[in-house]
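Quick notes on the structure that follows.
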Amino acid sequence: MSLPVPDIREFVAPDTWRAIDFISDLHLEADHPRTVEALFHYLDTTPADAVFLLGDVFEVWVGDDALHEPGSFEAACCARLRQAASRRALYFMHGNRDFLVGAGFTQATGIPVLQDPTVLVFAGRRWLLSHGDALCLADVPYQKFRAIARDPQWQAQLLARPLAERRAQGRSARAESEARKQAGNAFYGDVDDAATLQWLHAAHAHALIHGHTHLPADHALGEAAEGHALARHVLTDWDLEASVPRAEALRLSDAGLERIRLVPR
């Protein structure tokens with residue numbers, strides 16, 4: 001299965017920024033309050049000038065109209081995200097769980113939504129940012145679903161359904177996902193290195209930063225024609241309810257990349 005190179009937007013960081021954090025795959029939901037609180041404690045305390053939320057911030061996002069439901073989890077989270085965005089720059093990128101985030105989210109939080117992928121220009125280097133799901137070519141069933149789910153007409157038809165119906169669908173999807181995890185059948189796949197190199201070359205970038213796979217690691221991908229090392233850096237998922245809690249940010253500064261562990265060892 002091949003993947004055409006998408007249109008790649010460029011984001012130039014302000015000269016005043018000294019540190020940028022990247023996080024993804026928090027899968028926020030009301031049933032995981034420790035993860036929710038860990039996120040907002042982190043956003044209150046990080047020294048980074050900006051935080052890029054690279055997808056699957058929410059376990060499921062059934063539509064921006066959920067923000068208008070009194071007492072909704074989405075509305076409560078977005079109110080706190082708006083407070084966090086008033087203190088430092090925050091940016092959001094769609095994941096495979098929250099691809100229905102739209103203009104209503106930005107209006108509620110003040111957080112812009114970035115196109116996937118986007119090149120971040122910082123400290124004289126180019127960093128390619130993506131959620132990562134589009135590059136997991138071995139997961140053929142998901143790629144077929146993704147092609148449908150990202151179609152604006154399909155999304156419009158889905159969002160036209162009653163909110164209660166969409167919430168029920170979201171609960172069903174979560175239950176199926178949890179059942180696969182418990183059975184040991186969860187398959188996240190991994191990104192395709194050849195497709196990654198295509199994207200990097202098209203973006204004139206030396207490194208990809210992504211999430212989605214829940215396989216945090218740093219991978220060398222060889223050297224570009226100009227001699228710079230090529231790499232991809234994978235973010236961890238967050239789960240503060242797990243027997244071994246997980247939460248980490250990847251921090252970029254003039255000194256390079258550093259993984260910041262946010263839970264006790």
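Following the order of the structure tokens, first chain is A, next is B, and so on, with residues numbered from 1 inside each chain and ligands from 1 in the order they appear.
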
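Neighbouring residues of region 113-129 of chain A at 7 Å or closer, counting only C-alpha atoms and skipping chain neighbours under 4 positions away, are Ile8, Arg9, Glu10, Phe11, Val12, Ala13, Tyr91, Phe92, Met93, Leu200, Ala203, Ala205, His206, Ala207, Leu208, Ile209, His210 and Asp254 of chain A.
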
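Between Ala164 (chain A) and the candidates A:Asp65, A:Asp133, A:Ala202, A:Pro112, the tightest atom-to-atom separation, counting only C-alpha atoms, involves A:Asp65.
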
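When the distance limit is 9 Å and only C-alpha atoms are what count, the residues near region 26-32 of chain A, minus those fewer than 4 positions from it on the same chain, are Val36, Leu39, Gly55, Asp56, Val57, Phe58, Glu59, Val60, Phe73, Glu74, Cys77, Arg97, Thr236, Asp237, Trp238, Asp239, Leu240, Glu241 and Ala247 of chain A.
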
inquiry  = Please list as a ChimeraX atom specification every residue within 10 Å of Val234 (chain A), counting only C-alpha atoms and excluding residues in the same chain fewer than 6 positions away.
reply    = /A:23-24,131-132,191,208-219,250

task = Enumerate, as a list in words, the complete set of residues in region 22-180 of chain A that a backbone-based DSSP assignment places in strand (DSSP E or B).
result = Phe22, Ile23, Leu28, Ala50, Val51, Phe52, Leu53, Phe58, Ala89, Leu90, Tyr91, Phe92, Met93, Val113, Leu114, Thr118, Val119, Leu120, Val121, Phe122, Arg125, Arg126, Trp127, Leu128 and Leu129 of chain A

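Pairwise distance (CA of His94 (chain A), CA of Arg167 (chain A)) equals 18.8 Å.
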
inquiry  = Taking only region 128-210 of chain A into account, list the residues labelled alpha helix (DSSP H) by DSSP (computed from the backbone), as a PyMOL selection string.
reply    = chain A and resi 140-149+152-159+163-182+193-203

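Take CA of Ala156 (chain A) and CA of Phe99 (chain A): the distance between them is 12.5 Å.
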
Once you count only C-alpha atoms, what closest atom pair and distance in Å to one decimal does each residue of region 10-118 of chain A within 10 Å of region 142-155 of chain A have, with rows by chain and rising residue number, as a tab-separated table?
residue	atom	partner	partner_atom	distance
A:Gly63	CA	A:Gln155	CA	9.5
A:Asn96	CA	A:Arg146	CA	7.8
A:Phe99	CA	A:Arg150	CA	7.5
A:Leu100	CA	A:Gln155	CA	7.4

Could the residues in this selection be saved with N, CA and C atoms as a PDB file, in the first residue's frame?
ATOM      1  N   GLY A  63     -18.076  15.462  18.461  1.00  0.00           N
ATOM      2  CA  GLY A  63     -18.515  16.664  17.762  1.00  0.00           C
ATOM      3  C   GLY A  63     -18.431  17.871  18.670  1.00  0.00           C
ATOM      4  N   ASN A  96      -6.534   9.879  15.569  1.00  0.00           N
ATOM      5  CA  ASN A  96      -7.544   8.961  15.058  1.00  0.00           C
ATOM      6  C   ASN A  96      -8.748   8.857  15.973  1.00  0.00           C
ATOM      7  N   PHE A  99     -10.658  13.130  15.504  1.00  0.00           N
ATOM      8  CA  PHE A  99     -10.593  13.742  14.173  1.00  0.00           C
ATOM      9  C   PHE A  99     -11.784  14.654  13.905  1.00  0.00           C
ATOM     10  N   LEU A 100     -12.819  14.613  14.764  1.00  0.00           N
ATOM     11  CA  LEU A 100     -13.982  15.478  14.578  1.00  0.00           C
ATOM     12  C   LEU A 100     -13.841  16.824  15.285  1.00  0.00           C
TER      13      LEU A 100
END

remark   = In terms of only C-alpha atoms, the residue from A:Ile111, A:Ala134, A:Leu230, A:Ala173 at minimal distance from Gly189 (chain A) is A:Ala134

message = For a test of reading the model, state the distance in Å between CA of His68 (chain A) and CA of Ala160 (chain A), rounded to one decimal.
response = 15.4 Å

inquiry  = Could you check the closest approach to Asp192 (chain A) for each of A:Ala50, A:Leu90, A:Ala138, A:Ala229 and tell me which residue wins, using only C-alpha atoms?
reply    = A:Ala138

Exercise: Arg80 (chain A) partners within 12 Å, only C-alpha atoms, chain neighbours under 2 positions left out, as JSON, numbers by chain = {"A": [36, 37, 39, 40, 41, 43, 44, 73, 74, 75, 76, 77, 78, 82, 83, 84, 85, 86, 87, 108, 109, 110, 111]}

key: Contact residues around Asp49 (chain A) with only C-alpha atoms at 7 Å, ignoring same-chain residues under 2 positions, as a list in words   = Trp17, Arg18, Ala19, Ile20, Pro47, Arg88 and Ala89 of chain A

Write a file of the selected residues as a PDB file, in the first residue's frame, keeping C-alpha atoms.
ATOM      1  CA  TRP A  17      10.690  30.698  22.031  1.00  0.00           C
ATOM      2  CA  ARG A  18      13.410  28.808  23.886  1.00  0.00           C
ATOM      3  CA  ALA A  19      11.702  25.466  24.544  1.00  0.00           C
ATOM      4  CA  ILE A  20       8.844  23.568  22.898  1.00  0.00           C
ATOM      5  CA  PRO A  47       8.672  25.801  31.475  1.00  0.00           C
ATOM      6  CA  ARG A  88       1.481  29.780  26.879  1.00  0.00           C
ATOM      7  CA  ALA A  89       0.999  28.892  23.243  1.00  0.00           C
TER       8      ALA A  89
END
